[in-house]
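Data from my_file31.cif: mmCIF, C-alpha atoms
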```
data_start
loop_
_atom_site.group_PDB
_atom_site.id
_atom_site.type_symbol
_atom_site.label_atom_id
_atom_site.label_comp_id
_atom_site.auth_asym_id
_atom_site.auth_seq_id
_atom_site.Cartn_x
_atom_site.Cartn_y
_atom_site.Cartn_z
ATOM 1 C CA MET A 1 -11.602 39.977 6.076
ATOM 2 C CA THR A 2 -14.001 38.359 8.510
ATOM 3 C CA LEU A 3 -16.029 35.197 8.156
ATOM 4 C CA ALA A 4 -18.103 35.910 11.254
ATOM 5 C CA GLY A 5 -21.585 34.470 10.834
ATOM 6 C CA ARG A 6 -20.416 31.955 8.234
ATOM 7 C CA THR A 7 -20.374 28.191 8.728
ATOM 8 C CA ALA A 8 -17.565 26.205 7.103
ATOM 9 C CA LEU A 9 -17.589 22.452 6.516
ATOM 10 C CA VAL A 10 -14.098 20.977 6.172
ATOM 11 C CA THR A 11 -13.803 17.302 5.230
ATOM 12 C CA GLY A 12 -10.824 15.223 6.259
ATOM 13 C CA ALA A 13 -10.250 17.869 8.911
ATOM 14 C CA ALA A 14 -8.797 15.728 11.705
ATOM 15 C CA SER A 15 -5.214 16.248 10.513
ATOM 16 C CA GLY A 16 -2.986 17.634 7.773
ATOM 17 C CA ILE A 17 -4.401 20.073 5.235
ATOM 18 C CA GLY A 18 -7.943 19.777 6.571
ATOM 19 C CA ALA A 19 -6.943 20.665 10.123
ATOM 20 C CA ALA A 20 -4.869 23.603 8.856
ATOM 21 C CA CYS A 21 -7.861 24.892 6.872
ATOM 22 C CA ALA A 22 -10.137 24.491 9.887
ATOM 23 C CA ARG A 23 -7.761 26.581 12.000
ATOM 24 C CA ARG A 24 -7.416 29.405 9.474
ATOM 25 C CA LEU A 25 -11.151 29.655 8.814
ATOM 26 C CA ALA A 26 -11.883 29.665 12.543
ATOM 27 C CA GLU A 27 -9.292 32.380 13.128
ATOM 28 C CA ARG A 28 -11.276 34.569 10.724
ATOM 29 C CA GLY A 29 -14.511 33.986 12.592
ATOM 30 C CA ALA A 30 -16.156 31.058 10.826
ATOM 31 C CA GLU A 31 -17.938 28.356 12.782
ATOM 32 C CA VAL A 32 -16.168 25.219 11.590
ATOM 33 C CA VAL A 33 -17.668 21.754 11.227
ATOM 34 C CA VAL A 34 -14.782 19.287 11.421
ATOM 35 C CA LEU A 35 -15.824 16.259 9.366
ATOM 36 C CA ASP A 36 -13.709 13.116 9.570
ATOM 37 C CA VAL A 37 -14.052 9.375 10.082
ATOM 38 C CA ARG A 38 -11.646 9.515 13.063
ATOM 39 C CA ALA A 39 -13.836 10.542 15.969
ATOM 40 C CA GLU A 40 -11.156 11.233 18.576
ATOM 41 C CA ASP A 41 -8.929 13.310 16.283
ATOM 42 C CA ALA A 42 -11.901 15.205 14.855
ATOM 43 C CA GLY A 43 -13.018 16.028 18.379
ATOM 44 C CA LYS A 44 -9.595 17.379 19.279
ATOM 45 C CA VAL A 45 -9.466 19.703 16.251
ATOM 46 C CA ALA A 46 -13.052 20.826 16.831
ATOM 47 C CA ALA A 47 -12.265 21.676 20.449
ATOM 48 C CA GLU A 48 -9.154 23.578 19.368
ATOM 49 C CA VAL A 49 -11.019 25.756 16.857
ATOM 50 C CA GLY A 50 -14.218 26.156 18.867
ATOM 51 C CA GLY A 51 -16.224 24.241 16.285
ATOM 52 C CA ARG A 52 -17.958 20.887 16.289
ATOM 53 C CA ALA A 53 -16.999 17.452 15.096
ATOM 54 C CA LEU A 54 -19.052 15.500 12.571
ATOM 55 C CA VAL A 55 -17.994 11.858 12.355
ATOM 56 C CA VAL A 56 -18.839 10.438 8.928
ATOM 57 C CA ASP A 57 -17.309 7.715 6.767
ATOM 58 C CA LEU A 58 -17.415 9.284 3.304
ATOM 59 C CA ALA A 59 -17.266 5.817 1.752
ATOM 60 C CA ASP A 60 -20.718 5.192 3.274
ATOM 61 C CA LEU A 61 -22.817 7.324 0.960
ATOM 62 C CA ALA A 62 -26.051 6.778 2.887
ATOM 63 C CA SER A 63 -24.324 8.185 5.979
ATOM 64 C CA VAL A 64 -23.162 11.179 3.939
ATOM 65 C CA ASP A 65 -26.736 11.891 2.881
ATOM 66 C CA ASP A 66 -27.973 11.550 6.463
ATOM 67 C CA ALA A 67 -25.291 13.918 7.800
ATOM 68 C CA MET A 68 -25.982 16.552 5.163
ATOM 69 C CA ALA A 69 -29.721 16.458 5.791
ATOM 70 C CA GLY A 70 -29.209 18.221 9.100
ATOM 71 C CA LEU A 71 -26.475 20.640 8.019
ATOM 72 C CA ASP A 72 -26.257 24.062 6.438
ATOM 73 C CA ALA A 73 -22.947 25.665 5.435
ATOM 74 C CA ASP A 74 -21.667 28.691 3.539
ATOM 75 C CA ILE A 75 -18.190 27.298 2.868
ATOM 76 C CA VAL A 76 -17.138 23.786 1.889
ATOM 77 C CA VAL A 77 -13.505 22.740 1.886
ATOM 78 C CA ASN A 78 -13.558 19.373 0.161
ATOM 79 C CA ASN A 79 -10.269 17.927 1.350
ATOM 80 C CA ALA A 80 -10.744 14.285 2.390
ATOM 81 C CA GLY A 81 -8.724 11.782 0.400
ATOM 82 C CA ILE A 82 -7.488 8.204 0.464
ATOM 83 C CA GLN A 83 -4.980 6.280 -1.610
ATOM 84 C CA HIS A 84 -4.400 2.771 -2.954
ATOM 85 C CA LEU A 85 -1.354 1.791 -4.996
ATOM 86 C CA ALA A 86 -1.630 -0.818 -7.748
ATOM 87 C CA LEU A 87 -1.089 -1.171 -11.473
ATOM 88 C CA VAL A 88 -4.295 -0.825 -13.495
ATOM 89 C CA HIS A 89 -4.470 -4.521 -14.381
ATOM 90 C CA GLU A 90 -4.015 -5.425 -10.703
ATOM 91 C CA PHE A 91 -6.180 -2.680 -9.160
ATOM 92 C CA PRO A 92 -8.940 -4.208 -6.980
ATOM 93 C CA PRO A 93 -12.311 -2.985 -8.315
ATOM 94 C CA GLU A 94 -13.659 -2.586 -4.793
ATOM 95 C CA GLU A 95 -10.765 -0.258 -3.902
ATOM 96 C CA PHE A 96 -11.251 1.703 -7.128
ATOM 97 C CA GLY A 97 -14.916 2.155 -6.228
ATOM 98 C CA ARG A 98 -14.077 3.157 -2.653
ATOM 99 C CA LEU A 99 -11.730 5.919 -3.842
ATOM 100 C CA LEU A 100 -14.405 7.263 -6.179
ATOM 101 C CA ASP A 101 -17.011 7.171 -3.418
ATOM 102 C CA VAL A 102 -14.836 9.116 -0.964
ATOM 103 C CA MET A 103 -13.409 11.644 -3.418
ATOM 104 C CA VAL A 104 -16.138 12.085 -6.079
ATOM 105 C CA GLN A 105 -19.484 10.702 -4.948
ATOM 106 C CA ALA A 106 -19.320 12.169 -1.442
ATOM 107 C CA PRO A 107 -18.307 15.682 -2.632
ATOM 108 C CA PHE A 108 -21.123 15.574 -5.192
ATOM 109 C CA ARG A 109 -23.654 14.610 -2.531
ATOM 110 C CA ILE A 110 -22.361 17.305 -0.178
ATOM 111 C CA ALA A 111 -22.656 19.926 -2.912
ATOM 112 C CA ARG A 112 -26.109 18.701 -3.917
ATOM 113 C CA ALA A 113 -27.316 19.035 -0.334
ATOM 114 C CA LEU A 114 -25.731 22.403 0.528
ATOM 115 C CA LEU A 115 -26.067 24.399 -2.695
ATOM 116 C CA PRO A 116 -29.759 25.271 -2.241
ATOM 117 C CA GLY A 117 -29.001 27.030 1.050
ATOM 118 C CA MET A 118 -26.107 28.929 -0.524
ATOM 119 C CA TYR A 119 -28.322 29.951 -3.438
ATOM 120 C CA ALA A 120 -30.992 31.197 -1.040
ATOM 121 C CA ARG A 121 -28.446 33.354 0.830
ATOM 122 C CA GLY A 122 -26.729 34.551 -2.363
ATOM 123 C CA TRP A 123 -23.253 33.525 -1.171
ATOM 124 C CA GLY A 124 -21.171 30.383 -1.055
ATOM 125 C CA ARG A 125 -17.627 29.095 -1.440
ATOM 126 C CA PHE A 126 -16.365 25.679 -2.515
ATOM 127 C CA VAL A 127 -12.652 24.948 -2.243
ATOM 128 C CA HIS A 128 -11.644 21.506 -3.488
ATOM 129 C CA VAL A 129 -8.183 20.303 -2.496
ATOM 130 C CA THR A 130 -7.290 18.152 -5.472
ATOM 131 C CA SER A 131 -3.704 17.507 -6.560
ATOM 132 C CA ILE A 132 -1.429 17.888 -9.516
ATOM 133 C CA ARG A 133 -2.806 14.387 -10.165
ATOM 134 C CA GLY A 134 -6.029 16.162 -11.060
ATOM 135 C CA VAL A 135 -4.292 17.499 -14.162
ATOM 136 C CA ARG A 136 -1.559 14.881 -14.698
ATOM 137 C CA GLY A 137 -1.502 11.116 -14.478
ATOM 138 C CA ASP A 138 0.737 8.817 -12.458
ATOM 139 C CA ARG A 139 1.585 5.148 -12.298
ATOM 140 C CA ARG A 140 -0.065 2.861 -9.700
ATOM 141 C CA LYS A 141 -2.628 5.529 -8.796
ATOM 142 C CA ALA A 142 -5.506 4.921 -11.196
ATOM 143 C CA GLY A 143 -8.238 5.404 -8.582
ATOM 144 C CA TYR A 144 -6.699 8.548 -7.136
ATOM 145 C CA VAL A 145 -5.953 10.125 -10.521
ATOM 146 C CA VAL A 146 -9.445 9.392 -11.876
ATOM 147 C CA ALA A 147 -11.062 10.731 -8.701
ATOM 148 C CA LYS A 148 -9.061 13.954 -8.692
ATOM 149 C CA HIS A 149 -9.794 14.544 -12.372
ATOM 150 C CA GLY A 150 -13.471 14.022 -11.547
ATOM 151 C CA VAL A 151 -13.465 16.594 -8.756
ATOM 152 C CA GLU A 152 -11.848 19.124 -11.073
ATOM 153 C CA GLY A 153 -14.813 18.649 -13.418
ATOM 154 C CA LEU A 154 -17.339 18.839 -10.599
ATOM 155 C CA SER A 155 -15.797 22.107 -9.415
ATOM 156 C CA LYS A 156 -16.066 23.700 -12.856
ATOM 157 C CA THR A 157 -19.714 22.698 -13.124
ATOM 158 C CA ILE A 158 -20.528 24.129 -9.687
ATOM 159 C CA ALA A 159 -18.740 27.338 -10.727
ATOM 160 C CA LEU A 160 -20.837 27.722 -13.872
ATOM 161 C CA GLU A 161 -24.137 26.904 -12.213
ATOM 162 C CA GLY A 162 -23.449 28.884 -9.055
ATOM 163 C CA ALA A 163 -22.173 32.109 -10.602
ATOM 164 C CA GLU A 164 -25.560 33.821 -10.758
ATOM 165 C CA HIS A 165 -26.176 32.899 -7.119
ATOM 166 C CA GLY A 166 -22.949 34.326 -5.656
ATOM 167 C CA VAL A 167 -21.328 30.910 -5.308
ATOM 168 C CA THR A 168 -17.744 30.293 -6.414
ATOM 169 C CA SER A 169 -15.937 26.989 -6.788
ATOM 170 C CA ASN A 170 -12.210 26.475 -7.198
ATOM 171 C CA CYS A 171 -9.582 23.760 -6.892
ATOM 172 C CA ILE A 172 -6.208 23.965 -5.215
ATOM 173 C CA SER A 173 -3.901 21.426 -6.818
ATOM 174 C CA PRO A 174 -0.853 20.907 -4.607
ATOM 175 C CA ALA A 175 2.112 18.687 -5.215
ATOM 176 C CA TRP A 176 3.504 16.853 -2.185
ATOM 177 C CA VAL A 177 2.351 18.326 1.127
ATOM 178 C CA ARG A 178 3.838 17.341 4.475
ATOM 179 C CA THR A 179 0.949 15.273 5.907
ATOM 180 C CA PRO A 180 0.424 11.849 7.528
ATOM 181 C CA LEU A 181 -0.860 10.575 4.153
ATOM 182 C CA THR A 182 2.392 11.624 2.471
ATOM 183 C CA ASP A 183 4.450 9.900 5.162
ATOM 184 C CA ASP A 184 2.433 6.694 4.781
ATOM 185 C CA LEU A 185 2.700 6.769 1.004
ATOM 186 C CA ALA A 186 6.474 7.295 1.167
ATOM 187 C CA ARG A 187 6.765 4.194 3.336
ATOM 188 C CA ARG A 188 4.633 2.119 0.976
ATOM 189 C CA GLN A 189 6.519 3.337 -2.097
ATOM 190 C CA ALA A 190 9.788 2.517 -0.353
ATOM 191 C CA ASP A 191 8.593 -1.053 0.225
ATOM 192 C CA ILE A 192 7.591 -1.407 -3.430
ATOM 193 C CA HIS A 193 10.891 -0.063 -4.769
ATOM 194 C CA GLY A 194 13.228 -1.495 -2.130
ATOM 195 C CA SER A 195 14.241 1.980 -1.009
ATOM 196 C CA THR A 196 13.834 4.208 2.046
ATOM 197 C CA PRO A 197 11.095 6.783 2.729
ATOM 198 C CA GLU A 198 13.701 9.576 2.749
ATOM 199 C CA ARG A 199 14.955 8.648 -0.710
ATOM 200 C CA ILE A 200 11.411 8.321 -2.035
ATOM 201 C CA VAL A 201 10.645 11.870 -0.865
ATOM 202 C CA ARG A 202 13.867 13.281 -2.324
ATOM 203 C CA ASP A 203 14.083 11.391 -5.620
ATOM 204 C CA VAL A 204 10.483 10.498 -6.468
ATOM 205 C CA MET A 205 8.072 12.858 -4.727
ATOM 206 C CA LEU A 206 10.222 15.952 -5.256
ATOM 207 C CA GLY A 207 11.880 14.720 -8.431
ATOM 208 C CA GLY A 208 9.789 16.918 -10.729
ATOM 209 C CA ALA A 209 9.600 20.002 -8.517
ATOM 210 C CA ALA A 210 11.825 23.059 -8.926
ATOM 211 C CA ILE A 211 11.627 23.782 -5.181
ATOM 212 C CA LYS A 212 12.919 20.658 -3.444
ATOM 213 C CA GLU A 213 10.786 20.929 -0.313
ATOM 214 C CA LEU A 214 7.548 19.398 0.846
ATOM 215 C CA ILE A 215 4.782 22.001 1.025
ATOM 216 C CA ASP A 216 3.464 23.021 4.440
ATOM 217 C CA ALA A 217 -0.237 22.399 5.042
ATOM 218 C CA ASP A 218 -0.554 26.018 6.256
ATOM 219 C CA GLU A 219 0.339 27.235 2.753
ATOM 220 C CA VAL A 220 -2.641 25.354 1.335
ATOM 221 C CA ALA A 221 -4.866 26.704 4.104
ATOM 222 C CA GLU A 222 -3.800 30.285 3.391
ATOM 223 C CA LEU A 223 -4.744 29.910 -0.277
ATOM 224 C CA ALA A 224 -8.069 28.335 0.713
ATOM 225 C CA LEU A 225 -8.756 31.315 2.959
ATOM 226 C CA HIS A 226 -7.987 33.726 0.116
ATOM 227 C CA LEU A 227 -10.509 31.931 -2.102
ATOM 228 C CA CYS A 228 -13.168 32.678 0.530
ATOM 229 C CA SER A 229 -12.295 36.389 0.632
ATOM 230 C CA PRO A 230 -13.940 39.318 -1.186
ATOM 231 C CA ALA A 231 -10.731 39.710 -3.231
ATOM 232 C CA ALA A 232 -11.463 36.328 -4.847
ATOM 233 C CA ARG A 233 -15.094 36.871 -5.775
ATOM 234 C CA HIS A 234 -14.251 36.762 -9.492
ATOM 235 C CA THR A 235 -11.987 33.740 -9.086
ATOM 236 C CA THR A 236 -14.129 30.744 -9.970
ATOM 237 C CA GLY A 237 -13.875 27.596 -12.042
ATOM 238 C CA THR A 238 -10.102 27.591 -11.698
ATOM 239 C CA SER A 239 -7.494 25.095 -10.573
ATOM 240 C CA ILE A 240 -4.586 26.800 -8.848
ATOM 241 C CA PRO A 241 -1.321 24.840 -8.746
ATOM 242 C CA LEU A 242 0.684 24.897 -5.530
ATOM 243 C CA ASP A 243 3.438 22.689 -6.808
ATOM 244 C CA GLY A 244 6.877 24.222 -6.337
ATOM 245 C CA GLY A 245 7.206 24.673 -10.091
ATOM 246 C CA TRP A 246 6.361 21.055 -10.959
ATOM 247 C CA LEU A 247 4.068 21.925 -13.894
ATOM 248 C CA ALA A 248 6.500 24.517 -15.256
ATOM 249 C CA GLY A 249 8.970 21.873 -16.386
#
```
What do you get writing this file as structure tokens?
Amino acid sequence: MTLAGRTALVTGAASGIGAACARRLAERGAEVVVLDVRAEDAGKVAAEVGGRALVVDLADLASVDDAMAGLDADIVVNNAGIQHLALVHEFPPEEFGRLLDVMVQAPFRIARALLPGMYARGWGRFVHVTSIRGVRGDRRKAGYVVAKHGVEGLSKTIALEGAEHGVTSNCISPAWVRTPLTDDLARRQADIHGSTPERIVRDVMLGGAAIKELIDADEVAELALHLCSPAARHTTGTSIPLDGGWLAG
């Protein structure tokens, strides 16, 4: 399977899952646009994969619109995410809004801008990296859970509207992946619970999983690549768990 001649936009691509997806898509011939708010790291990944960096703060929706106005892409990997931990009655409204802007509003605006080009070419792929929190709730994560549920709904709508135009849209819903965000969250959870990051990973993050291991970002990237392949052309509107058996229990 080759993606030669295709352009892929990967958000949150300066590290973790996004960087892994950028590498796999580039290996198959796609020209990759590495979108991230961290200019230096985005530039490094772009140089590695022979693509180009696009520095955008997804919380700044006007900047998102401006960036998309000059871009065309066949593949979108909607991966960027942020987190804030607080109980609902203590959750700062401005942080709640920021999470929704980055993880719902920005993906909507990206899709709105890029779908017409995909429709005109008769081919397009959206892969949304959500989370098991897109199908299940969690304490202290109201903004994140609401945002991920919202992206799941956006993906299904894109799938239904895009089907006649050769555009598919799917979600990958991983459990805990070994990324800088996971490391940071383990530290913050440890502070809240008076524990250690190692114990948080073992007892909390992997507590509901059958396979007691953090997932490698490359595993997510491999599934994302499959969803862009001809073998997945009838796979659309789905949410595929990558959770080590978490949802089976």
Proximity to Asp184 of chain A - best of A:Ala13, A:Val201, A:Ala120, A:Val146, only C-alpha atoms: A:Val201
Sphere at (-14.1, 32.6, 10.5), radius 7 Å, counting only C-alpha atoms: residues as a ChimeraX atom specification: /A:2-4,6,25-31
Residue neighbourhood segment 228-236 of chain A, 8 Å, all atoms listed in the file, exclusion window fewer than 6 positions, as an mmCIF file with C-alpha atoms, in the frame of the given file:
```cif
data_model
loop_
_atom_site.group_PDB
_atom_site.id
_atom_site.type_symbol
_atom_site.label_atom_id
_atom_site.label_comp_id
_atom_site.auth_asym_id
_atom_site.auth_seq_id
_atom_site.Cartn_x
_atom_site.Cartn_y
_atom_site.Cartn_z
ATOM 1 C CA MET A 1 -11.602 39.977 6.076
ATOM 2 C CA ILE A 75 -18.190 27.298 2.868
ATOM 3 C CA ARG A 125 -17.627 29.095 -1.440
ATOM 4 C CA LYS A 156 -16.066 23.700 -12.856
ATOM 5 C CA ALA A 159 -18.740 27.338 -10.727
ATOM 6 C CA THR A 168 -17.744 30.293 -6.414
ATOM 7 C CA SER A 169 -15.937 26.989 -6.788
ATOM 8 C CA ASN A 170 -12.210 26.475 -7.198
#
```
Selection under test: the PyMOL selection byres ((chain A and resi 134) around 8); residues as a ChimeraX atom specification: /A:130-133,135-137,145-152,173
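Of the listed residues (A:Ala142, A:Ile110, A:Thr179, A:Gly244), A:Thr179 comes nearest to Ala19 of chain A; the distances count only C-alpha atoms.
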Go through segment 102-213 of chain A residue by residue and, counting all atoms listed in the file, keep those with an atom at most 7 Å from segment 62-74 of chain A; for each kept residue give the shortest atom pair and its distance in Å to one decimal, ordered by chain and increasing number, as a Markdown table.
```
| residue | atom | partner | partner_atom | distance |
| --- | --- | --- | --- | --- |
| A:Ala106 | CA | A:Val64 | CA | 6.7 |
| A:Arg109 | CA | A:Asp65 | CA | 6.8 |
| A:Ile110 | CA | A:Met68 | CA | 6.5 |
| A:Ala113 | CA | A:Met68 | CA | 6.2 |
| A:Leu114 | CA | A:Asp72 | CA | 6.2 |
| A:Gly117 | CA | A:Asp72 | CA | 6.7 |
| A:Met118 | CA | A:Asp74 | CA | 6.0 |
| A:Trp123 | CA | A:Asp74 | CA | 6.9 |
| A:Gly124 | CA | A:Asp74 | CA | 4.9 |
| A:Arg125 | CA | A:Asp74 | CA | 6.4 |
```
Save out the residues we just selected, C-alpha atoms, as a compact mmCIF listing (two decimals), in the coordinates of the input.
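Output file selection-v7.txt is given in full below:
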```
# COMPACT_ATOMS: atom_id res chain seq x y z
CA ALA A 106 -19.32 12.17 -1.44
CA ARG A 109 -23.65 14.61 -2.53
CA ILE A 110 -22.36 17.30 -0.18
CA ALA A 113 -27.32 19.04 -0.33
CA LEU A 114 -25.73 22.40 0.53
CA GLY A 117 -29.00 27.03 1.05
CA MET A 118 -26.11 28.93 -0.52
CA TRP A 123 -23.25 33.52 -1.17
CA GLY A 124 -21.17 30.38 -1.06
CA ARG A 125 -17.63 29.10 -1.44
```
Evaluate the PyMOL selection byres ((chain A and resi 181) around 12) and report residues as a list in words: Gly12, Ser15, Gly16, Ile17, Gly18, Ala80, Gly81, Ile82, Gln83, His84, Trp176, Val177, Arg178, Thr179, Pro180, Thr182, Asp183, Asp184, Leu185, Ala186, Arg187, Arg188 and Ala217 of chain A
Residue with smallest distance to Gly153 of chain A - pool A:Gly166, A:Pro92, A:Gly208, A:Gly237, counting all atoms listed in the file: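 The closest residue to Gly153 of chain A is A:Gly237.
Proximity of A:Val102, A:Ala248, A:Leu206, A:Ala86 to Ile192 of chain A, computed with only C-alpha atoms, is greatest for A:Ala86.
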Quick one: 6 Å padding each side, axis-aligned, all listed atoms of segment 100-103 of chain A - centre and edge lengths in Å to one decimal, as lines of an AutoDock Vina configuration file?
```
center_x = -15.2
center_y = 9.4
center_z = -3.6
size_x = 15.6
size_y = 16.5
size_z = 17.2
```
Two-atom distance - atom CA of Tyr119 of chain A, atom CA of Ser239 of chain A (Å):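 Atom CA of Ser239 of chain A lies at a distance of 22.5 Å from atom CA of Tyr119 of chain A.
Closest to Val56 of chain A among A:Ile215, A:Val37, A:Val77, A:Cys171 is A:Val37, based on all atoms listed in the file.
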Closest of A:Leu225, A:Ala111, A:Ala22, A:Ile240 to Pro174 of chain A - atom-to-atom distances counting all atoms listed in the file: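 Distance minimum relative to Pro174 of chain A lands on A:Ile240.
The space between atom CA of Ala8 of chain A and atom CA of Val76 of chain A spans 5.8 Å.
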Enumerate, as a compact mmCIF listing (two decimals) with C-alpha atoms, in the coordinates of the input, the residues matched when the PyMOL selection byres ((chain A and resi 78) around 7) is run on the file above.
```txt
# COMPACT_ATOMS: atom_id res chain seq x y z
CA VAL A 10 -14.10 20.98 6.17
CA THR A 11 -13.80 17.30 5.23
CA VAL A 76 -17.14 23.79 1.89
CA VAL A 77 -13.50 22.74 1.89
CA ASN A 79 -10.27 17.93 1.35
CA ALA A 80 -10.74 14.28 2.39
CA PRO A 107 -18.31 15.68 -2.63
CA VAL A 127 -12.65 24.95 -2.24
CA HIS A 128 -11.64 21.51 -3.49
CA VAL A 129 -8.18 20.30 -2.50
```
Contacts of Arg202 of chain A at 12 Å (all atoms listed in the file; same-chain gap of 4+ positions) as a list in words: Trp176, Ala186, Ala190, Ser195, Thr196, Pro197, Glu198, Leu206, Gly207, Gly208, Ala209, Ala210, Ile211, Lys212, Glu213 and Leu214 of chain A
Pairwise distance for atom CA of Ser155 of chain A and atom CA of Val167 of chain A, rounded to one decimal in Å: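 It comes out at 11.2 Å.
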Who sits within 9 Å of Ala14 of chain A, all atoms listed in the file, same chain under 3 positions skipped, as a list in words: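 Answer for this query is Thr11, Ile17, Gly18, Ala19, Val34, Leu35, Asp36, Val37, Arg38, Ala39, Glu40, Asp41, Ala42, Gly43, Lys44, Val45 and Ala46 of chain A.
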Could you save the residues just selected, with C-alpha atoms, as a short mmCIF file (atom, residue, chain, number, x, y, z; two decimals), in the frame of the given file?
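Result file is selection.cif:
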```
data_model
loop_
_atom_site.label_atom_id
_atom_site.label_comp_id
_atom_site.auth_asym_id
_atom_site.auth_seq_id
_atom_site.Cartn_x
_atom_site.Cartn_y
_atom_site.Cartn_z
CA THR A 11 -13.80 17.30 5.23
CA ILE A 17 -4.40 20.07 5.24
CA GLY A 18 -7.94 19.78 6.57
CA ALA A 19 -6.94 20.66 10.12
CA VAL A 34 -14.78 19.29 11.42
CA LEU A 35 -15.82 16.26 9.37
CA ASP A 36 -13.71 13.12 9.57
CA VAL A 37 -14.05 9.38 10.08
CA ARG A 38 -11.65 9.52 13.06
CA ALA A 39 -13.84 10.54 15.97
CA GLU A 40 -11.16 11.23 18.58
CA ASP A 41 -8.93 13.31 16.28
CA ALA A 42 -11.90 15.20 14.86
CA GLY A 43 -13.02 16.03 18.38
CA LYS A 44 -9.60 17.38 19.28
CA VAL A 45 -9.47 19.70 16.25
CA ALA A 46 -13.05 20.83 16.83
#
```
